[in-house]
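Input: a single structure, listed below in structure tokens.
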Amino acid sequence: MLSTVISAMYLVLWVSSCAFTSAADQYMTRALRLMSETPLIDGHNDLPWQLRKQFNNELNKVDLNTLETTHTNIPKIKMGRLGAQFWSAYVPCDTQYKDAVRQTLEQIDVVHRICQKYPETFMFATSSQDIMDAFHMNKTASLIGVEGGHSIDSSLGTLRTMYHLGVRYLTLTHSCNTPWADNWLVDTGSEPSQHNGLSHFGKQLIFEMNRLGMLIDLAHVPVAVMNQVLDMSRAPVIFSHSSAYGVCQHKRNVPDDVLKRVKQTEGIVMVNFYNDYVTCSKTAKLSDVADHFDHIKKVAGASIIGFGGDYDGVTRLPEGLEDVSKVPNLVAELLRRGWTDEEVNAALGNNLLRVLRKVEEVRNMCNLKPCVCLCYQLKFCANTPDSLCFALRICAAPRTLFLDKGEVNRVYTSTSVL
């Protein structure tokens, strides 16, 4: 009799296990189907930095098919169904005022050389159309983002040169103030504010990035800069690798009120997987990352969410998301939580594609008609014998201001803002 009962219990456990496995397989099957239809676009990966640290960028000394000392290699990319990647051209803050530009150019160069060495896997990309072309060829579109405004050495000419070399976003700061922008550590109180957000030059930079068609990345900036840029930019912005402050109160994350503004301006927040930003502790699980996706969706909708894993730029990753190959597990978890196919497709890549297309549209409009600030010079004179006078210059930068050529003579064509 006892043996019969035990056998029956084992049968129940086996059936339950099979049912659970079947459900899990169902979500994974659905996740992989969606990832075959919509490119997974990740906002930030530091493999180029690892290549610099480990191999001095000497690609003849490394094979990305067999490399095992990084979160990212070609087999992991294929298992992770990575459709497009913004590779980070990052150099540390201690290069500021020294050789930051040279070192950044070397990191841009290594991304180009990766694409040249492995043309069957990577396709260099600079546009939304390039991303889709690469996806249809079953290749990973490879874009470049420069991580930190110190990399341009306060030069719009350097910014433009990097754009021409294929850079498609600039993270305004990393973890140091630049001569024109405060960084996120200001909000922790560990560093002083030097500019109350952006300086005069910093505001010029925002308009130049709009004109070029370069994505403005607000990861690593304080809340003051977030709001200033959201006020000024005519194109939507990105947070290439930041999570939700409402879930983990870390100053690198995005507060709810800013999430709502990102929604209003049609931008995107690409969720970071770093444990410290996910749980505000050293450990985390895949489900904790999914909590950030759920929170952002609840606050501002699925239309502003993306993936920004920060692989190879962090030392601690959640259980279940240990490397690039594991991302389909997160997609399956979102489906298990009730996300619709449309919402998942939006987060996978459609949101970023929409943002990039809008940035390209603003660039194209600026090329057709000057994108300028309306500036007025007001003169006030006192009704006194010495006729004391003073002048006040007021500038405004409406989000969608495009002027006909005939109107240019009535405004200043500089992008200065007081």
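Naming scheme: A, B, ... for chains in displayed order of the structure tokens; residues 1 onward per chain; ligands 1 onward as shown.
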
* Asked: Any idea what's packed within 12 Å of A:Asn196, counting only C-alpha atoms, ignoring anything in its chain fewer than 4 positions away? Could you give it as a PyMOL selection string?
  -> chain A and resi 177+179-183+186-187+192+200+202+221-228

Selected residues, all heavy atoms, written as a CSV table (one decimal), in the first residue's frame, please.
chain,number,residue,atom,x,y,z
A,177,ASN,N,32.5,65.6,-14.1
A,177,ASN,CA,32.0,66.8,-14.8
A,177,ASN,C,32.9,67.2,-16.0
A,177,ASN,O,34.1,66.9,-15.9
A,177,ASN,CB,32.0,68.0,-13.8
A,177,ASN,CG,30.9,67.9,-12.7
A,177,ASN,OD1,30.0,67.1,-12.9
A,177,ASN,ND2,31.1,68.6,-11.7
A,179,PRO,N,33.8,70.5,-18.8
A,179,PRO,CA,33.7,72.0,-18.7
A,179,PRO,C,32.4,72.5,-19.1
A,179,PRO,O,32.2,73.7,-19.0
A,179,PRO,CB,34.8,72.4,-19.7
A,179,PRO,CG,35.8,71.3,-19.8
A,179,PRO,CD,34.9,70.0,-19.7
A,180,TRP,N,31.4,71.7,-19.5
A,180,TRP,CA,30.1,72.2,-20.0
A,180,TRP,C,28.9,71.4,-19.4
A,180,TRP,O,27.8,71.7,-19.8
A,180,TRP,CB,30.1,72.2,-21.5
A,180,TRP,CG,30.6,71.0,-22.1
A,180,TRP,CD1,31.9,70.7,-22.5
A,180,TRP,CD2,29.9,69.8,-22.5
A,180,TRP,NE1,32.1,69.5,-23.1
A,180,TRP,CE2,30.8,68.9,-23.1
A,180,TRP,CE3,28.6,69.4,-22.4
A,180,TRP,CZ2,30.5,67.6,-23.5
A,180,TRP,CZ3,28.2,68.1,-22.8
A,180,TRP,CH2,29.1,67.3,-23.4
A,181,ALA,N,29.1,70.4,-18.6
A,181,ALA,CA,28.0,69.6,-18.1
A,181,ALA,C,28.4,68.9,-16.8
A,181,ALA,O,29.5,68.4,-16.6
A,181,ALA,CB,27.6,68.5,-19.1
A,182,ASP,N,27.4,68.9,-15.9
A,182,ASP,CA,27.5,68.2,-14.6
A,182,ASP,C,27.2,66.7,-14.9
A,182,ASP,O,26.4,66.3,-15.8
A,182,ASP,CB,26.5,68.7,-13.6
A,182,ASP,CG,26.9,70.1,-13.1
A,182,ASP,OD1,28.1,70.5,-13.2
A,182,ASP,OD2,26.0,70.8,-12.6
A,183,ASN,N,27.8,65.8,-14.1
A,183,ASN,CA,27.6,64.4,-14.2
A,183,ASN,C,26.7,63.9,-13.0
A,183,ASN,O,26.4,64.6,-12.1
A,183,ASN,CB,28.9,63.6,-14.3
A,183,ASN,CG,29.5,63.4,-12.9
A,183,ASN,OD1,29.4,62.3,-12.3
A,183,ASN,ND2,30.2,64.4,-12.3
A,186,VAL,N,26.9,64.4,-9.1
A,186,VAL,CA,26.4,65.6,-8.5
A,186,VAL,C,25.1,65.4,-7.6
A,186,VAL,O,25.0,65.9,-6.5
A,186,VAL,CB,26.1,66.7,-9.5
A,186,VAL,CG1,25.4,67.9,-8.9
A,186,VAL,CG2,27.4,67.2,-10.1
A,187,ASP,N,24.3,64.5,-8.1
A,187,ASP,CA,23.0,64.2,-7.4
A,187,ASP,C,23.3,63.3,-6.1
A,187,ASP,O,22.4,63.2,-5.3
A,187,ASP,CB,22.0,63.4,-8.3
A,187,ASP,CG,21.3,64.4,-9.3
A,187,ASP,OD1,21.5,65.6,-9.1
A,187,ASP,OD2,20.7,63.9,-10.2
A,192,PRO,N,30.6,68.5,-6.5
A,192,PRO,CA,29.9,69.7,-6.6
A,192,PRO,C,29.3,70.0,-8.0
A,192,PRO,O,29.9,69.6,-9.0
A,192,PRO,CB,30.9,70.8,-6.2
A,192,PRO,CG,32.2,70.2,-6.7
A,192,PRO,CD,32.1,68.7,-6.5
A,200,HIS,N,26.6,77.3,-21.1
A,200,HIS,CA,26.2,77.9,-22.4
A,200,HIS,C,26.6,77.0,-23.5
A,200,HIS,O,25.9,76.7,-24.5
A,200,HIS,CB,26.8,79.2,-22.5
A,200,HIS,CG,26.7,79.9,-23.8
A,200,HIS,ND1,25.6,80.7,-24.1
A,200,HIS,CD2,27.5,80.0,-24.9
A,200,HIS,CE1,25.7,81.1,-25.4
A,200,HIS,NE2,26.9,80.7,-25.8
A,202,GLY,N,27.3,73.8,-23.4
A,202,GLY,CA,26.5,72.5,-23.3
A,202,GLY,C,25.2,72.6,-24.0
A,202,GLY,O,24.7,71.7,-24.7
A,221,VAL,N,23.8,61.3,-16.4
A,221,VAL,CA,23.7,62.8,-16.1
A,221,VAL,C,22.8,63.0,-14.9
A,221,VAL,O,22.0,62.1,-14.6
A,221,VAL,CB,23.2,63.6,-17.3
A,221,VAL,CG1,24.1,63.4,-18.5
A,221,VAL,CG2,21.7,63.2,-17.6
A,222,PRO,N,22.9,64.1,-14.2
A,222,PRO,CA,22.0,64.4,-13.1
A,222,PRO,C,20.6,64.8,-13.6
A,222,PRO,O,20.4,65.1,-14.8
A,222,PRO,CB,22.7,65.5,-12.4
A,222,PRO,CG,23.5,66.2,-13.4
A,222,PRO,CD,23.9,65.2,-14.4
A,223,VAL,N,19.7,64.8,-12.7
A,223,VAL,CA,18.3,65.1,-13.0
A,223,VAL,C,18.2,66.5,-13.7
A,223,VAL,O,17.4,66.7,-14.6
A,223,VAL,CB,17.4,65.0,-11.8
A,223,VAL,CG1,15.9,65.5,-12.1
A,223,VAL,CG2,17.3,63.5,-11.3
A,224,ALA,N,19.0,67.5,-13.2
A,224,ALA,CA,18.9,68.8,-13.8
A,224,ALA,C,19.2,68.8,-15.3
A,224,ALA,O,18.5,69.5,-16.1
A,224,ALA,CB,19.9,69.8,-13.1
A,225,VAL,N,20.2,68.0,-15.7
A,225,VAL,CA,20.6,67.9,-17.1
A,225,VAL,C,19.5,67.2,-17.8
A,225,VAL,O,19.1,67.6,-19.0
A,225,VAL,CB,21.9,67.3,-17.3
A,225,VAL,CG1,22.2,67.0,-18.8
A,225,VAL,CG2,23.0,68.1,-16.6
A,226,MET,N,18.9,66.1,-17.2
A,226,MET,CA,17.8,65.4,-17.9
A,226,MET,C,16.7,66.4,-18.3
A,226,MET,O,16.3,66.4,-19.4
A,226,MET,CB,17.2,64.3,-17.0
A,226,MET,CG,18.2,63.2,-16.6
A,226,MET,SD,17.3,62.1,-15.4
A,226,MET,CE,18.7,61.1,-14.9
A,227,ASN,N,16.3,67.2,-17.3
A,227,ASN,CA,15.2,68.1,-17.6
A,227,ASN,C,15.6,69.2,-18.6
A,227,ASN,O,14.8,69.6,-19.4
A,227,ASN,CB,14.7,68.7,-16.3
A,227,ASN,CG,13.8,67.7,-15.5
A,227,ASN,OD1,12.9,67.1,-16.1
A,227,ASN,ND2,14.1,67.5,-14.3
A,228,GLN,N,16.8,69.7,-18.5
A,228,GLN,CA,17.2,70.8,-19.4
A,228,GLN,C,17.2,70.3,-20.8
A,228,GLN,O,16.7,71.0,-21.7
A,228,GLN,CB,18.6,71.3,-19.0
A,228,GLN,CG,18.6,72.2,-17.8
A,228,GLN,CD,20.1,72.6,-17.5
A,228,GLN,OE1,21.0,71.8,-17.5
A,228,GLN,NE2,20.3,73.9,-17.1

Tell me which protein, DNA and RNA residues are within 10 Å of A:Thr178, counting only C-alpha atoms, leaving out same-chain ones fewer than 2 positions away, and put them as a PDB file with N, CA and C atoms, in the first residue's frame.
ATOM      1  N   CYS A  93      37.594  58.746 -17.384  1.00  0.00           N
ATOM      2  CA  CYS A  93      37.603  60.185 -17.112  1.00  0.00           C
ATOM      3  C   CYS A  93      39.008  60.728 -16.867  1.00  0.00           C
ATOM      4  N   GLN A  96      40.607  62.953 -19.482  1.00  0.00           N
ATOM      5  CA  GLN A  96      40.122  64.308 -19.752  1.00  0.00           C
ATOM      6  C   GLN A  96      41.267  65.306 -19.604  1.00  0.00           C
ATOM      7  N   TYR A  97      41.319  66.267 -20.509  1.00  0.00           N
ATOM      8  CA  TYR A  97      42.369  67.296 -20.583  1.00  0.00           C
ATOM      9  C   TYR A  97      43.723  66.699 -20.989  1.00  0.00           C
ATOM     10  N   GLY A 148      30.614  59.515 -22.809  1.00  0.00           N
ATOM     11  CA  GLY A 148      31.228  60.557 -22.004  1.00  0.00           C
ATOM     12  C   GLY A 148      31.635  61.769 -22.811  1.00  0.00           C
ATOM     13  N   GLY A 149      31.116  62.928 -22.425  1.00  0.00           N
ATOM     14  CA  GLY A 149      31.417  64.155 -23.149  1.00  0.00           C
ATOM     15  C   GLY A 149      32.860  64.585 -23.064  1.00  0.00           C
ATOM     16  N   HIS A 150      33.611  64.040 -22.090  1.00  0.00           N
ATOM     17  CA  HIS A 150      35.038  64.365 -22.022  1.00  0.00           C
ATOM     18  C   HIS A 150      35.771  63.911 -23.277  1.00  0.00           C
ATOM     19  N   SER A 151      35.151  62.973 -24.028  1.00  0.00           N
ATOM     20  CA  SER A 151      35.802  62.429 -25.218  1.00  0.00           C
ATOM     21  C   SER A 151      35.876  63.415 -26.379  1.00  0.00           C
ATOM     22  N   ILE A 152      35.115  64.504 -26.337  1.00  0.00           N
ATOM     23  CA  ILE A 152      35.171  65.468 -27.454  1.00  0.00           C
ATOM     24  C   ILE A 152      36.022  66.692 -27.120  1.00  0.00           C
ATOM     25  N   ASP A 153      36.521  66.769 -25.882  1.00  0.00           N
ATOM     26  CA  ASP A 153      37.424  67.861 -25.487  1.00  0.00           C
ATOM     27  C   ASP A 153      36.816  69.230 -25.782  1.00  0.00           C
ATOM     28  N   SER A 154      35.527  69.365 -25.473  1.00  0.00           N
ATOM     29  CA  SER A 154      34.817  70.647 -25.621  1.00  0.00           C
ATOM     30  C   SER A 154      34.927  71.221 -27.033  1.00  0.00           C
ATOM     31  N   LEU A 172      26.323  62.368 -22.568  1.00  0.00           N
ATOM     32  CA  LEU A 172      26.828  63.720 -22.286  1.00  0.00           C
ATOM     33  C   LEU A 172      27.938  63.738 -21.249  1.00  0.00           C
ATOM     34  N   THR A 173      27.818  62.901 -20.220  1.00  0.00           N
ATOM     35  CA  THR A 173      28.906  62.775 -19.248  1.00  0.00           C
ATOM     36  C   THR A 173      29.075  61.301 -18.906  1.00  0.00           C
ATOM     37  N   HIS A 174      30.215  60.984 -18.295  1.00  0.00           N
ATOM     38  CA  HIS A 174      30.358  59.660 -17.684  1.00  0.00           C
ATOM     39  C   HIS A 174      30.288  59.879 -16.177  1.00  0.00           C
ATOM     40  N   SER A 175      31.382  59.712 -15.462  1.00  0.00           N
ATOM     41  CA  SER A 175      31.347  59.913 -14.009  1.00  0.00           C
ATOM     42  C   SER A 175      32.288  61.033 -13.600  1.00  0.00           C
ATOM     43  N   CYS A 176      32.309  62.081 -14.427  1.00  0.00           N
ATOM     44  CA  CYS A 176      33.080  63.285 -14.106  1.00  0.00           C
ATOM     45  C   CYS A 176      32.402  64.462 -14.791  1.00  0.00           C
ATOM     46  N   TRP A 180      31.419  71.672 -19.506  1.00  0.00           N
ATOM     47  CA  TRP A 180      30.124  72.177 -19.969  1.00  0.00           C
ATOM     48  C   TRP A 180      28.920  71.405 -19.440  1.00  0.00           C
ATOM     49  N   ALA A 181      29.143  70.373 -18.626  1.00  0.00           N
ATOM     50  CA  ALA A 181      28.008  69.600 -18.105  1.00  0.00           C
ATOM     51  C   ALA A 181      28.360  68.932 -16.790  1.00  0.00           C
ATOM     52  N   ASP A 182      27.384  68.898 -15.880  1.00  0.00           N
ATOM     53  CA  ASP A 182      27.520  68.153 -14.628  1.00  0.00           C
ATOM     54  C   ASP A 182      27.223  66.679 -14.873  1.00  0.00           C
ATOM     55  N   ASN A 183      27.838  65.819 -14.062  1.00  0.00           N
ATOM     56  CA  ASN A 183      27.588  64.385 -14.182  1.00  0.00           C
ATOM     57  C   ASN A 183      26.723  63.884 -13.024  1.00  0.00           C
ATOM     58  N   GLN A 194      28.996  72.270 -11.104  1.00  0.00           N
ATOM     59  CA  GLN A 194      29.813  73.356 -11.656  1.00  0.00           C
ATOM     60  C   GLN A 194      29.040  74.235 -12.638  1.00  0.00           C
ATOM     61  N   HIS A 195      27.913  73.706 -13.142  1.00  0.00           N
ATOM     62  CA  HIS A 195      27.226  74.416 -14.219  1.00  0.00           C
ATOM     63  C   HIS A 195      25.719  74.543 -13.982  1.00  0.00           C
ATOM     64  N   LEU A 198      23.754  72.259 -17.464  1.00  0.00           N
ATOM     65  CA  LEU A 198      24.509  72.519 -18.688  1.00  0.00           C
ATOM     66  C   LEU A 198      24.998  73.958 -18.719  1.00  0.00           C
ATOM     67  N   SER A 199      26.201  74.158 -19.224  1.00  0.00           N
ATOM     68  CA  SER A 199      26.709  75.509 -19.456  1.00  0.00           C
ATOM     69  C   SER A 199      26.173  76.035 -20.783  1.00  0.00           C
ATOM     70  N   GLY A 202      27.274  73.752 -23.368  1.00  0.00           N
ATOM     71  CA  GLY A 202      26.511  72.516 -23.310  1.00  0.00           C
ATOM     72  C   GLY A 202      25.186  72.626 -24.042  1.00  0.00           C
TER      73      GLY A 202
END

Could you make a table, as JSON lines, of the residues of stretch 194-255 of chain A that have an atom within 7 Å of an atom of stretch 292-315 of chain A, each with its nearest atom pair and distance in Å to one decimal, counting only C-alpha atoms, in chain and number order?
{"residue": "A:Ser240", "atom": "CA", "partner": "A:Gly308", "partner_atom": "CA", "distance": 5.7}
{"residue": "A:His241", "atom": "CA", "partner": "A:Gly308", "partner_atom": "CA", "distance": 4.5}
{"residue": "A:Ser243", "atom": "CA", "partner": "A:His292", "partner_atom": "CA", "distance": 6.5}
{"residue": "A:Ala244", "atom": "CA", "partner": "A:His292", "partner_atom": "CA", "distance": 5.8}
{"residue": "A:Val247", "atom": "CA", "partner": "A:His292", "partner_atom": "CA", "distance": 6.4}

Given the selection you just returned, output its residues as a file containing N, CA and C atoms, formatted as a JSON list (two decimals), in the first residue's frame.
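Below is the file again37.json, written as the result:
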[["chain", "number", "residue", "atom", "x", "y", "z"],
["A", 240, "SER", "N", 20.73, 55.17, -22.67],
["A", 240, "SER", "CA", 21.22, 53.96, -23.32],
["A", 240, "SER", "C", 21.40, 52.79, -22.37],
["A", 241, "HIS", "N", 21.60, 53.06, -21.08],
["A", 241, "HIS", "CA", 21.76, 51.98, -20.11],
["A", 241, "HIS", "C", 21.46, 52.50, -18.70],
["A", 243, "SER", "N", 18.21, 52.27, -15.47],
["A", 243, "SER", "CA", 17.03, 51.55, -15.00],
["A", 243, "SER", "C", 16.09, 52.50, -14.27],
["A", 244, "ALA", "N", 15.12, 51.95, -13.53],
["A", 244, "ALA", "CA", 14.05, 52.75, -12.91],
["A", 244, "ALA", "C", 14.37, 53.09, -11.47],
["A", 247, "VAL", "N", 12.23, 51.62, -8.63],
["A", 247, "VAL", "CA", 12.48, 50.24, -8.18],
["A", 247, "VAL", "C", 13.76, 50.17, -7.36]]

Give me the residues within 9 Å of stretch 43-59 of chain A as a compact mmCIF listing (two decimals) with C-alpha atoms, in the first residue's frame, counting only C-alpha atoms and dropping any in the same chain fewer than 6 places off.
# COMPACT_ATOMS: atom_id res chain seq x y z
CA THR A 69 36.94 36.15 -20.84
CA THR A 70 34.06 38.48 -21.75
CA HIS A 71 30.27 38.54 -21.54
CA THR A 72 30.20 38.87 -25.32
CA ASN A 73 31.51 36.70 -28.13
CA ALA A 84 21.79 45.36 -33.36
CA GLN A 85 24.30 46.67 -30.86
CA PHE A 86 25.48 50.13 -29.91
CA TRP A 87 29.13 49.39 -29.11
CA SER A 88 30.55 51.80 -26.56
CA ALA A 89 33.58 53.89 -27.49
CA TYR A 90 34.54 54.53 -23.87
CA VAL A 91 37.71 55.87 -22.31
CA GLU A 106 41.11 54.30 -31.22
CA GLN A 107 37.95 52.80 -29.73
CA ILE A 108 35.92 53.94 -32.72
CA VAL A 110 38.38 49.01 -33.15
CA VAL A 111 34.63 48.77 -33.80
CA ARG A 113 37.96 46.67 -37.49
CA ILE A 114 35.72 44.14 -35.72
CA LYS A 117 37.39 41.03 -39.46
CA GLY A 145 28.03 55.38 -29.06
CA ILE A 238 17.71 58.06 -25.11
CA PHE A 239 18.95 56.62 -21.83
CA SER A 240 21.22 53.96 -23.32
CA HIS A 241 21.76 51.98 -20.11
CA MET A 270 17.03 51.13 -22.19
CA VAL A 271 17.13 49.05 -19.02
CA ASN A 272 20.54 48.33 -17.47
CA GLY A 306 14.37 49.13 -24.47
CA PHE A 307 17.28 46.85 -23.58
CA GLY A 308 20.59 48.34 -22.40
CA GLY A 309 22.39 45.43 -20.76
CA ASP A 310 25.79 47.10 -20.15
CA TYR A 311 27.52 43.78 -20.79
CA ASP A 312 31.31 43.87 -20.46
CA GLY A 313 31.06 47.20 -18.67
CA VAL A 314 29.92 45.82 -15.30
CA LEU A 352 14.61 52.49 -30.64

Hey, which bits of stretch 335-367 of chain A sit within 9 Å of stretch 28-34 of chain A, and for each residue what's the closest pair of atoms and how far apart in Å (one decimal), counting only C-alpha atoms, rows by chain and increasing number, as CSV?
residue,atom,partner,partner_atom,distance
A:Leu335,CA,A:Ala31,CA,7.4
A:Asp341,CA,A:Leu34,CA,7.3
A:Val344,CA,A:Leu34,CA,7.8
A:Asn345,CA,A:Leu34,CA,6.7
A:Leu348,CA,A:Leu34,CA,8.7

* DSSP alpha helix (DSSP H) residues within stretch 104-298 of chain A, listed as number ranges by chain -> A: 104-117, 128-136, 156-164, 200-212, 223-232, 256-264, 275-278, 286-298

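In terms of minimum interatomic distance to A:Glu208, A:Ala235 ranks closest within A:Ala125, A:Ala235, A:Val254, A:Ala290, counting only C-alpha atoms.
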
Output as JSON lines one row per residue of stretch 46-163 of chain A within 8 Å of stretch 318-333 of chain A: the closest atom pair and its distance in Å to one decimal place, counting only C-alpha atoms, sorted by chain and residue number ascending.
{"residue": "A:His71", "atom": "CA", "partner": "A:Asp323", "partner_atom": "CA", "distance": 4.6}
{"residue": "A:Thr72", "atom": "CA", "partner": "A:Val324", "partner_atom": "CA", "distance": 5.8}
{"residue": "A:Pro75", "atom": "CA", "partner": "A:Ser325", "partner_atom": "CA", "distance": 7.9}
{"residue": "A:Lys76", "atom": "CA", "partner": "A:Ser325", "partner_atom": "CA", "distance": 4.4}
{"residue": "A:Ile77", "atom": "CA", "partner": "A:Ser325", "partner_atom": "CA", "distance": 5.9}
{"residue": "A:Lys78", "atom": "CA", "partner": "A:Ser325", "partner_atom": "CA", "distance": 7.3}
{"residue": "A:Met79", "atom": "CA", "partner": "A:Ser325", "partner_atom": "CA", "distance": 4.9}
{"residue": "A:Gly80", "atom": "CA", "partner": "A:Ser325", "partner_atom": "CA", "distance": 3.8}
{"residue": "A:Arg81", "atom": "CA", "partner": "A:Pro328", "partner_atom": "CA", "distance": 7.5}

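For stretch 357-362 of chain A, the set of protein, DNA and RNA residues having any atom at most 9 Å away, when counting only C-alpha atoms and skipping those fewer than 6 positions along the same chain, is Ser127, Ser128, Gln129, Asn210, Arg211, Leu212, Gly213, Met214, Leu215, Arg234, Ala235, Pro236, Val237 and Thr400 of chain A.
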
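Taking atom CA of A:His220 and atom CA of A:Trp184 as endpoints, the distance between them is 5.1 Å.
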
* Residue set, stretch 101-330 of chain A restricted to strand (DSSP E or B), as a ChimeraX atom specification -> /A:122-124,140-147,167-171,178,181,198,215-217,238-239,244,254,268-271,285,305-307,311,319

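In this structure, atom CA of A:Ile41 sits 18.4 Å away from atom CA of A:His112.
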
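Closest approach to A:Phe207 from the set A:Thr171, A:Ser233, A:Thr340, A:Asn60 is made by A:Ser233, with distances taken over only C-alpha atoms.
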
* Selection near A:Thr121, 10 Å with only C-alpha atoms, sequence-local residues under 3 positions removed, as a PyMOL selection string -> chain A and resi 74+77-78+114-118+134+137-142

Would you output that residue set with N, CA and C atoms, as an mmCIF file, in the first residue's frame?
data_model
loop_
_atom_site.group_PDB
_atom_site.id
_atom_site.type_symbol
_atom_site.label_atom_id
_atom_site.label_comp_id
_atom_site.auth_asym_id
_atom_site.auth_seq_id
_atom_site.Cartn_x
_atom_site.Cartn_y
_atom_site.Cartn_z
ATOM 1 N N ILE A 74 31.010 35.820 -30.331
ATOM 2 C CA ILE A 74 30.111 35.551 -31.461
ATOM 3 C C ILE A 74 29.104 34.444 -31.160
ATOM 4 N N ILE A 77 26.463 35.945 -28.985
ATOM 5 C CA ILE A 77 25.644 36.889 -29.753
ATOM 6 C C ILE A 77 24.570 36.142 -30.540
ATOM 7 N N LYS A 78 24.957 35.041 -31.160
ATOM 8 C CA LYS A 78 24.000 34.274 -31.959
ATOM 9 C C LYS A 78 22.953 33.607 -31.071
ATOM 10 N N ILE A 114 36.492 45.345 -36.052
ATOM 11 C CA ILE A 114 35.715 44.140 -35.719
ATOM 12 C C ILE A 114 34.789 43.780 -36.875
ATOM 13 N N CYS A 115 34.109 44.801 -37.399
ATOM 14 C CA CYS A 115 33.182 44.557 -38.519
ATOM 15 C C CYS A 115 33.928 44.059 -39.755
ATOM 16 N N GLN A 116 35.133 44.569 -39.963
ATOM 17 C CA GLN A 116 35.924 44.148 -41.116
ATOM 18 C C GLN A 116 36.471 42.738 -40.942
ATOM 19 N N LYS A 117 36.812 42.354 -39.707
ATOM 20 C CA LYS A 117 37.388 41.034 -39.456
ATOM 21 C C LYS A 117 36.336 39.939 -39.483
ATOM 22 N N TYR A 118 35.096 40.275 -39.086
ATOM 23 C CA TYR A 118 34.033 39.268 -39.009
ATOM 24 C C TYR A 118 32.816 39.717 -39.829
ATOM 25 N N ALA A 134 20.724 44.918 -42.028
ATOM 26 C CA ALA A 134 21.564 43.907 -41.376
ATOM 27 C C ALA A 134 20.709 42.770 -40.827
ATOM 28 N N MET A 137 19.724 40.371 -43.336
ATOM 29 C CA MET A 137 20.861 39.560 -43.783
ATOM 30 C C MET A 137 21.366 38.635 -42.684
ATOM 31 N N ASN A 138 20.641 38.607 -41.556
ATOM 32 C CA ASN A 138 21.020 37.759 -40.428
ATOM 33 C C ASN A 138 22.390 38.129 -39.854
ATOM 34 N N LYS A 139 22.651 39.445 -39.855
ATOM 35 C CA LYS A 139 23.878 39.962 -39.256
ATOM 36 C C LYS A 139 23.522 40.899 -38.108
ATOM 37 N N THR A 140 24.490 41.122 -37.211
ATOM 38 C CA THR A 140 24.297 42.065 -36.110
ATOM 39 C C THR A 140 24.728 43.460 -36.556
ATOM 40 N N ALA A 141 23.767 44.374 -36.651
ATOM 41 C CA ALA A 141 24.089 45.761 -36.994
ATOM 42 C C ALA A 141 24.948 46.347 -35.886
ATOM 43 N N SER A 142 26.037 46.980 -36.260
ATOM 44 C CA SER A 142 27.000 47.484 -35.280
ATOM 45 C C SER A 142 27.095 49.000 -35.373
#
